[in-house]
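Working notes for the structure below.
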Amino acid sequence: MESATYLSALLAKGFSKSLANRANALGFLPGQFPVLVELWNEDGLTQRELLDRLDIEQATLANTLSRMERDGLVVRSPHPRDRRATCIHLTERAWTIREPALAAARDADQALFKGFRRFEKELMLEYIRWAVDNARKL
């Protein structure tokens with residue numbers, strides 16, 4: 001099939017599967033990885049800040065955070081200045097899996113780009129970023 005939409009869905013599914021195999025051993029799900037990355041970069045974000053950074057649906061993030069809280073990856077605390085907001089903080093467990101999780105994502109990337117020469121991989125990543133930027137404008 002030549003449809004970019006179809007092919008990108010297959011690529012996303014392949015990456016998710018590749019990451020899932022590695023993530024399960026570390027105790028997180030592929031859908032939780034973007035949240036973990038954002039909080040590893042800046043712990044204590046609000047749910048609204050995470051929504052803005054991740055560009056996902058509010059209900060999806062709420063469910064993801066509930067599961068992460070249940071699994072001992074995040075805790076919620078009252079926002080120091082806004083009574084309506086809560087801050088999302090990583091637990092010690094989430095900090096412990098940071099390096100192995102990032103390595104798992106790198107391994108998943110390497111598996112997907114197996115056989116690509118360096119410039120081909122870099123060009124592909126540039127094209128993907130370009131397409132993602134265009135998709136966000138729709």
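Following the order of the structure tokens, first chain is A, next is B, and so on, with residues numbered from 1 inside each chain and ligands from 1 in the order they appear.
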
Non-local contacts of stretch 126-136 of chain A (10 Å; only C-alpha atoms; under 4 positions in same chain excluded) as an mmCIF file with C-alpha atoms, in the first residue's frame:
data_model
loop_
_atom_site.group_PDB
_atom_site.id
_atom_site.type_symbol
_atom_site.label_atom_id
_atom_site.label_comp_id
_atom_site.auth_asym_id
_atom_site.auth_seq_id
_atom_site.Cartn_x
_atom_site.Cartn_y
_atom_site.Cartn_z
ATOM 1 C CA ALA A 4 1.467 7.535 3.924
ATOM 2 C CA SER A 8 2.851 5.696 9.301
ATOM 3 C CA ASP A 55 -0.613 16.800 22.169
ATOM 4 C CA GLU A 120 19.318 7.489 5.521
ATOM 5 C CA LYS A 121 18.244 7.274 9.153
ATOM 6 C CA GLU A 122 18.883 11.003 9.680
#

Please run DSSP on the backbone and report, as a PDB file with N, CA and C atoms, in the first residue's frame, all residues within chain A that come out as strand (DSSP E).
ATOM      1  N   LEU A  45       5.234  18.780  36.627  1.00  0.00           N
ATOM      2  CA  LEU A  45       4.340  19.456  35.690  1.00  0.00           C
ATOM      3  C   LEU A  45       2.888  19.199  36.084  1.00  0.00           C
ATOM      4  N   THR A  46       2.012  20.099  35.674  1.00  0.00           N
ATOM      5  CA  THR A  46       0.584  19.874  35.878  1.00  0.00           C
ATOM      6  C   THR A  46       0.056  19.028  34.725  1.00  0.00           C
ATOM      7  N   VAL A  74       4.123   7.538  39.370  1.00  0.00           N
ATOM      8  CA  VAL A  74       3.898   8.957  39.657  1.00  0.00           C
ATOM      9  C   VAL A  74       3.048   9.112  40.911  1.00  0.00           C
ATOM     10  N   VAL A  75       3.168  10.288  41.511  1.00  0.00           N
ATOM     11  CA  VAL A  75       2.284  10.708  42.605  1.00  0.00           C
ATOM     12  C   VAL A  75       1.803  12.114  42.272  1.00  0.00           C
ATOM     13  N   ARG A  76       0.630  12.439  42.778  1.00  0.00           N
ATOM     14  CA  ARG A  76       0.071  13.770  42.556  1.00  0.00           C
ATOM     15  C   ARG A  76       0.140  14.551  43.857  1.00  0.00           C
ATOM     16  N   SER A  77       0.385  15.851  43.719  1.00  0.00           N
ATOM     17  CA  SER A  77       0.411  16.722  44.898  1.00  0.00           C
ATOM     18  C   SER A  77      -0.274  18.035  44.542  1.00  0.00           C
ATOM     19  N   PRO A  78      -0.813  18.730  45.545  1.00  0.00           N
ATOM     20  CA  PRO A  78      -1.467  20.010  45.266  1.00  0.00           C
ATOM     21  C   PRO A  78      -0.478  21.011  44.675  1.00  0.00           C
ATOM     22  N   THR A  86      -3.109  20.092  40.086  1.00  0.00           N
ATOM     23  CA  THR A  86      -2.220  19.199  40.823  1.00  0.00           C
ATOM     24  C   THR A  86      -0.939  19.033  40.029  1.00  0.00           C
ATOM     25  N   CYS A  87       0.123  18.800  40.743  1.00  0.00           N
ATOM     26  CA  CYS A  87       1.425  18.565  40.120  1.00  0.00           C
ATOM     27  C   CYS A  87       1.671  17.060  40.059  1.00  0.00           C
ATOM     28  N   ILE A  88       2.264  16.629  38.981  1.00  0.00           N
ATOM     29  CA  ILE A  88       2.586  15.217  38.785  1.00  0.00           C
ATOM     30  C   ILE A  88       4.082  15.050  39.018  1.00  0.00           C
ATOM     31  N   HIS A  89       4.417  14.195  39.965  1.00  0.00           N
ATOM     32  CA  HIS A  89       5.820  13.959  40.316  1.00  0.00           C
ATOM     33  C   HIS A  89       6.173  12.492  40.091  1.00  0.00           C
ATOM     34  N   LEU A  90       7.377  12.272  39.646  1.00  0.00           N
ATOM     35  CA  LEU A  90       7.878  10.914  39.488  1.00  0.00           C
ATOM     36  C   LEU A  90       8.242  10.323  40.843  1.00  0.00           C
TER      37      LEU A  90
END

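Minimum atom-to-atom distances from A:Ser66, A:Asn24, A:Thr5, A:Gln47 to A:Ile97 were compared using only C-alpha atoms, and the lowest value belongs to A:Asn24.
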
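With only C-alpha atoms as the basis for measurement, A:Gly31 is the residue among A:Gly31, A:Leu125, A:Ala103, A:Ile56 that approaches A:Lys13 most closely.
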
(message) Just the number, please: distance in Å from atom CA of A:Pro80 to atom CA of A:Arg48, one decimal.
(response) 15.1 Å

(request) Just give me the gap between atom CA of A:Lys17 and atom CA of A:Pro30 in Å, one decimal is fine. (result) 8.2 Å

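With distances restricted to only C-alpha atoms, A:Leu36 is the closest residue to A:Ala94 from A:Ala25, A:Ala59, A:Leu11, A:Leu36.
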
(request) Can you pull out every residue within 12 Å of A:Asp107, counting only C-alpha atoms, but drop anything in the same chain fewer than 3 positions away, and send it as a list of chain:residue names? (result) A:Phe15, A:Ser18, A:Leu19, A:Ala20, A:Asn21, A:Arg22, A:Ala23, A:Pro100, A:Ala101, A:Leu102, A:Ala103, A:Ala104, A:Gln110, A:Ala111, A:Leu112, A:Phe113, A:Lys114

(message) What parts of chain A does DSSP call helix (DSSP H, G or I)? I'd like the answer as a PyMOL selection string.
(response) chain A and resi 4-26+30-41+47-54+58-70+92-96+98-112+118-136
